[in-house]
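Q: Pasting entry_30.tsv below, which is TSV, C-alpha atoms.
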```tsv
chain	number	residue	atom	x	y	z
A	1	MET	CA	25.38	3.33	-10.30
A	2	ASP	CA	26.53	3.55	-6.65
A	3	GLU	CA	29.34	1.07	-5.95
A	4	ARG	CA	27.76	-0.19	-2.72
A	5	VAL	CA	24.74	-1.32	-4.74
A	6	ARG	CA	26.63	-2.72	-7.72
A	7	GLY	CA	29.45	-4.48	-5.89
A	8	THR	CA	27.62	-6.55	-3.29
A	9	ASP	CA	24.62	-8.80	-2.91
A	10	LYS	CA	24.12	-7.79	0.71
A	11	ILE	CA	20.62	-6.60	1.55
A	12	TRP	CA	20.88	-5.50	5.18
A	13	THR	CA	23.05	-2.40	4.84
A	14	ARG	CA	22.74	0.73	6.99
A	15	ASP	CA	20.85	2.52	4.25
A	16	PHE	CA	18.40	-0.36	3.88
A	17	ILE	CA	17.75	-0.39	7.62
A	18	MET	CA	17.12	3.38	7.59
A	19	ILE	CA	14.67	3.22	4.68
A	20	CYS	CA	12.85	0.38	6.42
A	21	LEU	CA	12.70	2.38	9.66
A	22	ALA	CA	11.41	5.50	7.90
A	23	ASN	CA	8.84	3.43	6.05
A	24	MET	CA	7.71	1.71	9.24
A	25	CYS	CA	7.20	5.02	11.05
A	26	ILE	CA	5.18	6.64	8.27
A	27	PHE	CA	3.12	3.48	7.81
A	28	MET	CA	2.48	3.32	11.55
A	29	GLY	CA	1.10	6.87	11.49
A	30	PHE	CA	-1.00	5.96	8.47
A	31	GLN	CA	-2.31	2.65	9.84
A	32	MET	CA	-3.29	4.16	13.19
A	33	THR	CA	-5.68	6.49	11.36
A	34	MET	CA	-7.24	3.95	9.01
A	35	PRO	CA	-9.69	2.30	11.45
A	36	THR	CA	-10.11	5.42	13.63
A	37	LEU	CA	-10.95	8.01	10.96
A	38	PRO	CA	-14.35	6.37	10.25
A	39	LEU	CA	-15.12	6.74	13.97
A	40	PHE	CA	-14.00	10.39	13.86
A	41	VAL	CA	-16.20	11.06	10.82
A	42	GLU	CA	-19.16	9.50	12.63
A	43	GLN	CA	-18.43	11.71	15.66
A	44	LEU	CA	-18.58	14.72	13.33
A	45	GLY	CA	-22.00	13.56	12.15
A	46	GLY	CA	-21.15	11.70	8.91
A	47	ASP	CA	-22.81	8.55	7.54
A	48	ASP	CA	-21.31	5.62	5.59
A	49	ARG	CA	-21.23	7.60	2.33
A	50	LEU	CA	-19.23	10.40	3.95
A	51	VAL	CA	-16.93	7.86	5.60
A	52	GLY	CA	-16.19	6.41	2.17
A	53	ALA	CA	-15.66	9.84	0.65
A	54	VAL	CA	-13.26	11.04	3.36
A	55	LEU	CA	-11.29	7.79	3.27
A	56	GLY	CA	-11.30	7.55	-0.52
A	57	ILE	CA	-10.31	11.12	-1.44
A	58	PHE	CA	-6.94	10.55	0.23
A	59	THR	CA	-5.99	7.88	-2.29
A	60	PHE	CA	-7.18	9.92	-5.25
A	61	SER	CA	-5.03	12.90	-4.31
A	62	ALA	CA	-2.08	10.52	-3.86
A	63	LEU	CA	-2.87	9.03	-7.26
A	64	LEU	CA	-2.76	12.42	-8.97
A	65	VAL	CA	0.65	13.38	-7.57
A	66	ARG	CA	2.45	10.05	-8.07
A	67	PRO	CA	3.40	10.72	-11.73
A	68	ILE	CA	4.74	14.11	-10.63
A	69	ALA	CA	6.67	12.41	-7.83
A	70	GLY	CA	8.09	9.89	-10.31
A	71	ARG	CA	9.39	12.62	-12.62
A	72	LEU	CA	10.85	14.63	-9.74
A	73	LEU	CA	12.60	11.54	-8.39
A	74	GLU	CA	14.20	11.06	-11.79
A	75	THR	CA	15.20	14.71	-12.25
A	76	LYS	CA	15.60	16.32	-8.78
A	77	GLY	CA	16.78	13.34	-6.79
A	78	ARG	CA	15.43	11.06	-4.08
A	79	ARG	CA	16.21	13.07	-0.93
A	80	ILE	CA	14.22	16.25	-1.55
A	81	VAL	CA	11.11	14.40	-2.77
A	82	PHE	CA	11.13	11.94	0.13
A	83	LEU	CA	11.69	14.51	2.86
A	84	ALA	CA	9.13	16.93	1.43
A	85	GLY	CA	6.52	14.18	1.22
A	86	LEU	CA	7.16	13.06	4.79
A	87	ALA	CA	6.87	16.63	6.07
A	88	ILE	CA	3.55	17.26	4.29
A	89	PHE	CA	2.18	13.95	5.57
A	90	ALA	CA	3.21	14.61	9.18
A	91	LEU	CA	1.79	18.15	9.27
A	92	SER	CA	-1.52	17.16	7.68
A	93	VAL	CA	-2.12	14.20	10.01
A	94	GLY	CA	-1.36	16.33	13.05
A	95	SER	CA	-4.01	18.82	11.95
A	96	PHE	CA	-6.88	16.30	11.78
A	97	GLY	CA	-7.92	16.72	15.39
A	98	PHE	CA	-8.33	20.46	14.88
A	99	MET	CA	-10.78	20.02	12.00
A	100	GLY	CA	-14.22	20.91	13.33
A	101	SER	CA	-16.21	19.86	10.26
A	102	ILE	CA	-16.22	17.09	7.70
A	103	GLY	CA	-15.58	19.64	4.94
A	104	LEU	CA	-12.32	20.80	6.55
A	105	LEU	CA	-11.28	17.21	7.27
A	106	PHE	CA	-12.01	16.34	3.63
A	107	MET	CA	-9.68	19.10	2.41
A	108	MET	CA	-6.92	18.10	4.80
A	109	ARG	CA	-7.19	14.49	3.64
A	110	ILE	CA	-6.40	15.78	0.15
A	111	VAL	CA	-3.23	17.40	1.52
A	112	GLN	CA	-2.35	14.18	3.35
A	113	GLY	CA	-2.72	12.27	0.09
A	114	VAL	CA	-0.19	14.59	-1.56
A	115	GLY	CA	2.33	13.86	1.19
A	116	TRP	CA	1.61	10.14	1.02
A	117	GLY	CA	1.94	10.07	-2.76
A	118	PHE	CA	5.36	11.72	-2.67
A	119	SER	CA	6.74	9.82	0.33
A	120	SER	CA	5.56	6.31	-0.55
A	121	THR	CA	6.63	6.59	-4.20
A	122	ALA	CA	10.04	7.85	-3.09
A	123	SER	CA	10.38	5.19	-0.39
A	124	GLY	CA	9.76	2.27	-2.77
A	125	THR	CA	12.15	3.76	-5.31
A	126	ILE	CA	14.90	4.29	-2.72
A	127	ALA	CA	14.48	0.71	-1.50
A	128	SER	CA	14.81	-0.63	-5.07
A	129	ASP	CA	17.96	1.51	-5.50
A	130	ILE	CA	19.55	-0.08	-2.43
A	131	ILE	CA	18.51	-3.72	-2.95
A	132	PRO	CA	20.79	-5.81	-5.25
A	133	ALA	CA	18.98	-6.58	-8.52
A	134	LYS	CA	19.40	-10.35	-8.29
A	135	ARG	CA	17.75	-10.36	-4.83
A	136	ARG	CA	15.03	-7.81	-5.62
A	137	GLY	CA	12.05	-10.05	-4.83
A	138	GLU	CA	13.56	-11.11	-1.51
A	139	GLY	CA	14.66	-7.57	-0.64
A	140	MET	CA	11.30	-6.02	-1.48
A	141	GLY	CA	9.71	-8.66	0.72
A	142	TYR	CA	11.91	-7.65	3.64
A	143	TYR	CA	11.26	-3.99	2.89
A	144	GLY	CA	7.56	-4.77	2.96
A	145	LEU	CA	8.02	-6.15	6.47
A	146	SER	CA	8.55	-2.60	7.69
A	147	GLY	CA	5.04	-1.70	6.58
A	148	ASN	CA	3.73	-5.01	7.92
A	149	LEU	CA	5.11	-4.31	11.40
A	150	ALA	CA	3.21	-1.04	11.34
A	151	LEU	CA	0.13	-2.88	10.15
A	152	ALA	CA	0.54	-5.44	12.94
A	153	PHE	CA	0.36	-2.83	15.67
A	154	GLY	CA	-0.95	0.40	14.08
A	155	PRO	CA	-4.68	-0.32	13.72
A	156	SER	CA	-4.90	-2.09	17.08
A	157	LEU	CA	-2.93	0.68	18.79
A	158	GLY	CA	-5.07	3.36	17.15
A	159	LEU	CA	-8.31	1.65	18.19
A	160	PHE	CA	-6.99	1.28	21.74
A	161	LEU	CA	-5.74	4.86	22.05
A	162	VAL	CA	-9.03	6.27	20.81
A	163	THR	CA	-10.71	4.68	23.85
A	164	VAL	CA	-8.39	6.48	26.30
A	165	LEU	CA	-7.38	9.65	24.44
A	166	PRO	CA	-9.26	12.31	22.48
A	167	PHE	CA	-8.90	12.17	18.71
A	168	GLN	CA	-6.74	15.31	18.75
A	169	GLU	CA	-4.02	13.62	20.81
A	170	LEU	CA	-4.19	10.44	18.71
A	171	PHE	CA	-3.54	12.38	15.52
A	172	LEU	CA	-0.67	14.31	17.13
A	173	ILE	CA	0.97	10.99	18.02
A	174	CYS	CA	0.63	9.96	14.38
A	175	SER	CA	2.29	13.23	13.38
A	176	LEU	CA	5.18	12.53	15.75
A	177	LEU	CA	5.76	9.23	13.99
A	178	GLY	CA	6.07	11.21	10.77
A	179	LEU	CA	8.78	13.31	12.41
A	180	LEU	CA	10.68	10.14	13.37
A	181	ALA	CA	10.45	9.05	9.73
A	182	ILE	CA	12.02	12.35	8.66
A	183	ILE	CA	14.93	11.80	11.06
A	184	ALA	CA	15.56	8.28	9.71
A	185	ALA	CA	15.26	9.47	6.11
A	186	SER	CA	17.82	12.21	6.67
A	187	LEU	CA	20.44	9.58	7.57
A	188	ILE	CA	20.22	7.70	4.24
A	189	ARG	CA	22.98	8.02	1.64
A	190	TYR	CA	20.94	8.50	-1.51
A	191	GLN	CA	21.87	7.23	-4.95
A	192	LYS	CA	22.60	9.99	-7.41
A	193	VAL	CA	20.14	10.48	-10.24
A	194	GLU	CA	21.45	8.91	-13.43
A	195	SER	CA	21.61	11.22	-16.41
A	196	ASP	CA	19.03	10.42	-19.06
A	197	PRO	CA	19.48	11.97	-22.54
A	198	SER	CA	15.81	11.42	-23.33
A	199	ALA	CA	14.57	13.21	-20.18
A	200	ALA	CA	14.02	16.49	-22.02
A	201	VAL	CA	11.96	14.72	-24.68
A	202	ARG	CA	9.83	12.92	-22.07
A	203	ALA	CA	9.31	16.14	-20.14
A	204	LYS	CA	7.59	17.65	-23.19
A	205	ARG	CA	5.09	14.84	-23.54
A	206	PHE	CA	2.32	13.59	-21.27
A	207	ASP	CA	4.56	11.25	-19.26
A	208	ILE	CA	2.39	9.84	-16.47
A	209	TYR	CA	3.17	6.11	-16.42
A	210	GLU	CA	5.77	3.46	-17.19
A	211	LYS	CA	4.55	1.02	-19.86
A	212	SER	CA	6.54	-1.97	-18.61
A	213	ALA	CA	4.78	-1.73	-15.22
A	214	LEU	CA	1.20	-1.67	-16.52
A	215	GLN	CA	0.37	-5.37	-16.30
A	216	PRO	CA	1.26	-5.94	-12.63
A	217	SER	CA	-0.18	-2.52	-11.80
A	218	LEU	CA	-3.53	-3.45	-13.33
A	219	LEU	CA	-3.59	-6.64	-11.26
A	220	ILE	CA	-2.82	-4.82	-8.00
A	221	PHE	CA	-5.70	-2.46	-8.75
A	222	PHE	CA	-8.29	-5.24	-8.57
A	223	ILE	CA	-6.61	-6.71	-5.49
A	224	SER	CA	-6.22	-3.45	-3.54
A	225	VAL	CA	-9.96	-2.77	-3.96
A	226	THR	CA	-10.41	-5.35	-1.19
A	227	PHE	CA	-8.20	-3.33	1.15
A	228	GLY	CA	-10.55	-0.36	0.90
A	229	GLY	CA	-13.39	-2.54	2.14
A	230	ILE	CA	-11.44	-3.96	5.06
A	231	ALA	CA	-9.66	-0.90	6.36
A	232	THR	CA	-12.64	1.41	6.03
A	233	PHE	CA	-15.71	-0.62	6.95
A	234	LEU	CA	-14.66	-3.73	8.87
A	235	PRO	CA	-14.73	-1.98	12.29
A	236	LEU	CA	-18.29	-0.81	11.57
A	237	TYR	CA	-19.32	-4.22	10.15
A	238	THR	CA	-18.11	-6.20	13.16
A	239	ALA	CA	-19.87	-3.77	15.50
A	240	GLU	CA	-23.11	-4.23	13.57
A	241	LYS	CA	-22.84	-8.03	13.75
A	242	GLY	CA	-21.85	-8.00	17.43
A	243	VAL	CA	-18.56	-9.78	16.71
A	244	ASP	CA	-15.80	-8.66	19.06
A	245	GLY	CA	-12.06	-8.71	18.42
A	246	ILE	CA	-11.64	-6.28	15.54
A	247	GLN	CA	-8.40	-5.02	17.18
A	248	TRP	CA	-7.01	-8.55	17.02
A	249	TYR	CA	-8.07	-9.00	13.40
A	250	PHE	CA	-5.48	-6.49	12.23
A	251	LEU	CA	-2.79	-8.07	14.41
A	252	VAL	CA	-3.53	-11.60	13.17
A	253	TYR	CA	-3.65	-10.37	9.57
A	254	ALA	CA	-0.33	-8.57	9.89
A	255	MET	CA	1.39	-11.53	11.56
A	256	ALA	CA	0.28	-13.78	8.69
A	257	LEU	CA	1.50	-11.11	6.28
A	258	MET	CA	4.94	-11.06	7.92
A	259	VAL	CA	5.30	-14.83	7.75
A	260	THR	CA	4.86	-14.71	3.98
A	261	ARG	CA	7.67	-12.16	3.65
A	262	LEU	CA	10.11	-14.84	4.82
A	263	PHE	CA	9.60	-17.00	1.74
A	264	ALA	CA	7.34	-15.35	-0.88
A	265	GLY	CA	10.04	-13.00	-2.21
A	266	ARG	CA	12.54	-15.82	-2.65
A	267	LEU	CA	9.87	-17.89	-4.39
A	268	TYR	CA	9.30	-15.02	-6.82
A	269	ASP	CA	13.07	-14.64	-7.46
A	270	ARG	CA	13.38	-18.35	-8.27
A	271	ARG	CA	10.14	-19.18	-10.07
A	272	GLY	CA	8.52	-15.87	-11.03
A	273	HIS	CA	5.00	-14.55	-10.65
A	274	ARG	CA	3.39	-17.74	-12.00
A	275	ALA	CA	4.24	-19.57	-8.79
A	276	VAL	CA	2.78	-16.80	-6.62
A	277	PHE	CA	-0.23	-15.10	-8.17
A	278	VAL	CA	-2.97	-17.74	-8.43
A	279	PRO	CA	-2.46	-19.37	-4.99
A	280	SER	CA	-2.34	-15.93	-3.38
A	281	THR	CA	-5.51	-14.64	-4.99
A	282	VAL	CA	-7.40	-17.84	-4.12
A	283	LEU	CA	-6.54	-17.21	-0.46
A	284	ILE	CA	-7.65	-13.57	-0.66
A	285	MET	CA	-10.97	-14.52	-2.26
A	286	ALA	CA	-11.60	-17.13	0.44
A	287	GLY	CA	-10.88	-14.50	3.10
A	288	MET	CA	-13.39	-12.09	1.56
A	289	LEU	CA	-16.12	-14.73	1.43
A	290	LEU	CA	-15.49	-15.66	5.05
A	291	LEU	CA	-15.90	-12.00	6.04
A	292	ALA	CA	-19.19	-11.88	4.17
A	293	TRP	CA	-20.33	-14.89	6.25
A	294	MET	CA	-18.56	-14.14	9.60
A	295	PRO	CA	-20.75	-15.78	12.27
A	296	SER	CA	-18.07	-15.58	14.99
A	297	GLU	CA	-14.68	-14.28	16.09
A	298	ALA	CA	-13.04	-17.54	15.01
A	299	VAL	CA	-14.15	-17.04	11.41
A	300	LEU	CA	-12.99	-13.40	11.57
A	301	TYR	CA	-9.49	-14.56	12.56
A	302	ILE	CA	-9.39	-17.32	9.94
A	303	ALA	CA	-10.27	-14.70	7.33
A	304	ALA	CA	-7.43	-12.54	8.66
A	305	VAL	CA	-4.93	-15.40	8.23
A	306	LEU	CA	-6.07	-16.19	4.70
A	307	TYR	CA	-6.04	-12.55	3.63
A	308	GLY	CA	-2.64	-12.03	5.25
A	309	PHE	CA	-1.06	-15.01	3.51
A	310	GLY	CA	-2.58	-14.07	0.17
A	311	PHE	CA	-1.93	-10.34	0.17
A	312	GLY	CA	1.49	-10.74	1.81
A	313	SER	CA	2.60	-13.04	-1.01
A	314	VAL	CA	1.16	-11.29	-4.03
A	315	GLN	CA	1.84	-7.62	-3.19
A	316	PRO	CA	5.69	-7.70	-3.12
A	317	ALA	CA	5.70	-10.08	-6.11
A	318	LEU	CA	3.68	-7.62	-8.19
A	319	GLN	CA	5.83	-4.70	-7.06
A	320	ALA	CA	9.03	-6.57	-8.00
A	321	TRP	CA	7.45	-7.54	-11.33
A	322	SER	CA	6.59	-3.89	-12.04
A	323	ILE	CA	10.27	-2.86	-12.01
A	324	GLU	CA	11.74	-6.12	-13.29
A	325	LYS	CA	12.02	-5.06	-16.94
A	326	THR	CA	12.24	-1.32	-16.32
A	327	ALA	CA	15.31	0.72	-17.27
A	328	PRO	CA	17.27	1.93	-14.21
A	329	ASN	CA	16.42	5.57	-14.91
A	330	ARG	CA	12.69	4.68	-15.05
A	331	LYS	CA	12.38	2.80	-11.75
A	332	ALA	CA	10.84	5.83	-10.07
A	333	MET	CA	8.13	6.09	-12.72
A	334	ALA	CA	7.53	2.34	-12.55
A	335	ASN	CA	6.99	2.61	-8.79
A	336	ALA	CA	4.73	5.62	-9.37
A	337	THR	CA	2.67	3.62	-11.88
A	338	TYR	CA	2.38	0.64	-9.53
A	339	PHE	CA	1.34	2.70	-6.50
A	340	SER	CA	-1.02	4.83	-8.58
A	341	PHE	CA	-3.01	1.72	-9.48
A	342	PHE	CA	-2.76	0.54	-5.86
A	343	ASP	CA	-4.15	3.87	-4.63
A	344	LEU	CA	-6.84	3.87	-7.29
A	345	GLY	CA	-8.02	0.47	-6.11
A	346	VAL	CA	-8.11	1.47	-2.45
A	347	GLY	CA	-9.84	4.76	-3.25
A	348	ILE	CA	-12.48	3.24	-5.52
A	349	GLY	CA	-12.99	0.47	-2.97
A	350	ALA	CA	-13.61	2.92	-0.14
A	351	ILE	CA	-15.98	5.15	-2.13
A	352	VAL	CA	-17.92	2.43	-3.98
A	353	PHE	CA	-18.14	0.24	-0.90
A	354	GLY	CA	-19.48	3.20	1.03
A	355	GLN	CA	-22.38	3.35	-1.41
A	356	ILE	CA	-22.83	-0.44	-1.38
A	357	GLY	CA	-22.79	-0.56	2.41
A	358	PHE	CA	-25.31	2.26	2.65
A	359	LEU	CA	-27.70	0.70	0.10
A	360	PHE	CA	-27.28	-3.04	0.61
A	361	GLY	CA	-25.48	-3.55	3.93
A	362	TYR	CA	-21.88	-4.28	4.89
A	363	ARG	CA	-22.05	-7.98	3.92
A	364	SER	CA	-22.42	-7.00	0.26
A	365	ILE	CA	-19.09	-5.17	0.44
A	366	TYR	CA	-17.13	-8.38	0.91
A	367	ILE	CA	-19.05	-10.30	-1.72
A	368	THR	CA	-18.19	-7.52	-4.18
A	369	ALA	CA	-14.56	-7.61	-3.02
A	370	ALA	CA	-14.40	-11.35	-3.77
A	371	ALA	CA	-15.75	-10.63	-7.25
A	372	SER	CA	-12.95	-8.09	-7.78
A	373	ILE	CA	-10.36	-10.78	-6.96
A	374	PHE	CA	-12.02	-13.13	-9.45
A	375	ILE	CA	-11.69	-10.42	-12.13
A	376	SER	CA	-7.96	-10.13	-11.32
A	377	MET	CA	-7.60	-13.86	-11.98
A	378	ILE	CA	-9.28	-13.52	-15.37
A	379	VAL	CA	-7.03	-10.59	-16.29
A	380	TYR	CA	-3.97	-12.58	-15.19
A	381	LEU	CA	-4.93	-15.50	-17.42
A	382	PHE	CA	-5.09	-13.12	-20.40
A	383	ILE	CA	-1.64	-11.76	-19.49
A	384	ILE	CA	-0.19	-15.27	-19.27
A	385	ARG	CA	-1.75	-16.25	-22.60
A	386	SER	CA	-0.22	-13.13	-24.19
A	387	GLU	CA	3.21	-13.97	-22.72
A	388	ASP	CA	3.04	-17.55	-23.97
A	389	LYS	CA	2.05	-16.43	-27.46
A	390	GLY	CA	4.96	-13.99	-27.52
A	391	LYS	CA	7.42	-16.75	-26.59
A	392	SER	CA	6.09	-19.12	-29.26
A	393	ILE	CA	6.58	-16.58	-32.06
```
Just give me the structure of the file as structure tokens.

A:
Amino acid sequence: MDERVRGTDKIWTRDFIMICLANMCIFMGFQMTMPTLPLFVEQLGGDDRLVGAVLGIFTFSALLVRPIAGRLLETKGRRIVFLAGLAIFALSVGSFGFMGSIGLLFMMRIVQGVGWGFSSTASGTIASDIIPAKRRGEGMGYYGLSGNLALAFGPSLGLFLVTVLPFQELFLICSLLGLLAIIAASLIRYQKVESDPSAAVRAKRFDIYEKSALQPSLLIFFISVTFGGIATFLPLYTAEKGVDGIQWYFLVYAMALMVTRLFAGRLYDRRGHRAVFVPSTVLIMAGMLLLAWMPSEAVLYIAAVLYGFGFGSVQPALQAWSIEKTAPNRKAMANATYFSFFDLGVGIGAIVFGQIGFLFGYRSIYITAAASIFISMIVYLFIIRSEDKGKSI
């Protein structure tokens, strides 16, 4: 292993700053499109079902390529996979404004998902390479801040720019952010791929996941379903209810998210996932129920705070858990497994909620999202019971 990683417990190295900067830029480009793409689809003549399909197909294409990305990260190295993913993402986003039909936009979203699947899997793996093992929860929390900064300003900035610029120029700005990510990524000193004598055996079998990461990955699936409902339909829902301030919702949510990064990772390092999961999911469920009610802007912002505290605490904890017991040469596949389930949740949320919103109204989306969080709690209790039984044997 690289001496700079093995010989120090320092988190804030040059390489860590560069991976955070690259991650922030690509997330900014991504977050600026999340609340504006539904508006673009509506401009092209689509309804709620098409909005859900266009938003959801992105995550499914990312899901399909993540296992491939994990294997390539283990065999070809971090640099080529990361840079290729960033380039595909930047080019595809820049092309959105030139898509004159929903069909063409749908196909380009598939390409964007490929770039996102490669770049985000690589980014999380590179961050875990750089962060000292004994400070992994804390370091992943700080790394997550880079995405949270993008979340704090990306959706609000995108919604503002779309009022003063045509969609074509908005998407070109997002593409430029992808270029900045490529520049930052090119400055990182990447860890060499460790030789793995079993790699040839694994390559011959259907190697698409890391077993040790399955439990936290299953939990993030049920939790990330809620994100599909918020990012895709909340701007349309607030407009229907006549509640202003959707731009500020994303800012308030992201600020709450960032506050949790200052302590949630350290809490995980010291006390494990049992101290984090249940309180976090209770907050997320409360946020979803408040959105289903939402009589005013004040309730919208309270929901943002609750969701931010809950999601900001549980997401880095589950990601750290997913690689906690993974062999060093399988960290890339563990990250691929985790993000595959994350993507699957977001994608299913966007598509299913599109149908629910069309048939039963937007309010039903957030009631269903709360039910998904409740299911995650039940699954977690089964996992804990299994762990306790294993220790008692």

Q: If we count all atoms listed in the file and set the cut-off at 12 Å, which residues sit around Glu297 in chain A, ignoring sequence neighbours fewer than 5 positions away in its own chain? Please answer as a compact mmCIF listing (two decimals) with C-alpha atoms, in the coordinates of the input.

A:
```
# COMPACT_ATOMS: atom_id res chain seq x y z
CA THR A 238 -18.11 -6.20 13.16
CA ALA A 239 -19.87 -3.77 15.50
CA LYS A 241 -22.84 -8.03 13.75
CA GLY A 242 -21.85 -8.00 17.43
CA VAL A 243 -18.56 -9.78 16.71
CA ASP A 244 -15.80 -8.66 19.06
CA GLY A 245 -12.06 -8.71 18.42
CA ILE A 246 -11.64 -6.28 15.54
CA GLN A 247 -8.40 -5.02 17.18
CA TRP A 248 -7.01 -8.55 17.02
CA TYR A 249 -8.07 -9.00 13.40
CA VAL A 252 -3.53 -11.60 13.17
CA LEU A 290 -15.49 -15.66 5.05
CA LEU A 291 -15.90 -12.00 6.04
CA ILE A 302 -9.39 -17.32 9.94
CA ALA A 303 -10.27 -14.70 7.33
CA ALA A 304 -7.43 -12.54 8.66
```

Q: How would you write as a ChimeraX atom specification the residues that get within 9 Å of (7.4, -5.6, 5.1) in the file's frame, counting all atoms listed in the file?

A: /A:20,24,140-150,257-258,261,312,316

Q: Which is closer to Ser186 in chain A than all the others in A:Phe171, A:Thr75, A:Asp15, A:Phe382, using only C-alpha atoms?

A: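 Of A:Phe171, A:Thr75, A:Asp15, A:Phe382, the one nearest Ser186 in chain A, counting only C-alpha atoms, is A:Asp15.
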
Q: Which of these, A:Met34, A:Leu218, A:Met333, A:Ile188, has the shortest distance to Thr125 in chain A once you count only C-alpha atoms?

A: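 Looking only at the distances to Thr125 in chain A, the closest residue turns out to be A:Met333.
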
Q: Point out the residue among A:Val352, A:Gly287, A:Leu219, A:Lys192 with the least atom-to-atom distance to Leu381 in chain A, counting only C-alpha atoms.

A: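 Using only C-alpha atoms, the shortest distance to Leu381 in chain A belongs to A:Leu219.
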
Q: Using CA of Pro235 in chain A and CA of Pro155 in chain A as the two end points, give the distance in Å to one decimal.

A: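 Distance between the two atoms: 10.3 Å.
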
Q: Measuring between all atoms listed in the file, which one of A:Leu72, A:Leu50, A:Ala370, A:Leu236 shows the shortest distance to Ala122 in chain A?

A: A:Leu72

Q: If I take CA of Val51 in chain A and CA of Met99 in chain A, how far is one from the other in Å, to one decimal?

A: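 Value for the CA of Val51 in chain A-CA of Met99 in chain A distance: 15.1 Å.
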
Q: Residues within 8 Å of Ser217 in chain A, please, as a PyMOL selection string. Count all atoms listed in the file; anything in the same chain fewer than 4 positions from it doesn't count.

A: chain A and resi 213+221+318-319+322+337-339+341-342

Q: In Å to one decimal, how far is CA of Ile365 in chain A from CA of Phe30 in chain A?

A: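 Taking CA of Phe30 in chain A and CA of Ile365 in chain A, their separation equals 22.7 Å.
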
Q: Leaving out Gly94 in chain A and any residue of its chain fewer than 2 positions from it, which residues lie within 6 Å of it when counting all atoms listed in the file, given as a list in words?

A: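 Contacts, in chain order: Leu91, Ser92, Phe96, Phe171, Leu172 and Ser175 of chain A.
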
Q: Restricting it to C-alpha atoms, dump the selection as a PDB file, keeping the file's coordinate frame.

A:
```
ATOM      1  CA  LEU A  91       1.790  18.150   9.270  1.00  0.00           C
ATOM      2  CA  SER A  92      -1.520  17.160   7.680  1.00  0.00           C
ATOM      3  CA  PHE A  96      -6.880  16.300  11.780  1.00  0.00           C
ATOM      4  CA  PHE A 171      -3.540  12.380  15.520  1.00  0.00           C
ATOM      5  CA  LEU A 172      -0.670  14.310  17.130  1.00  0.00           C
ATOM      6  CA  SER A 175       2.290  13.230  13.380  1.00  0.00           C
TER       7      SER A 175
END
```

Q: Measuring atom to atom with all atoms listed in the file, identify which of A:Ile68, A:Lys10, A:Ala22, A:Ile351 is nearest to Thr232 in chain A.

A: A:Ile351

Q: Using all atoms listed in the file, list the residues that have an atom at most 9 Å from (-14.0, 13.4, 13.5), coordinates as in the file, as an NGL selection string.

A: :A and (36-46 or 96-97 or 99-102 or 105 or 167)

Q: May I ask which of the residues A:Gly158, A:Gly345, A:Gly272, A:Pro35 is the closest one to Thr226 in chain A, counting only C-alpha atoms?

A: A:Gly345
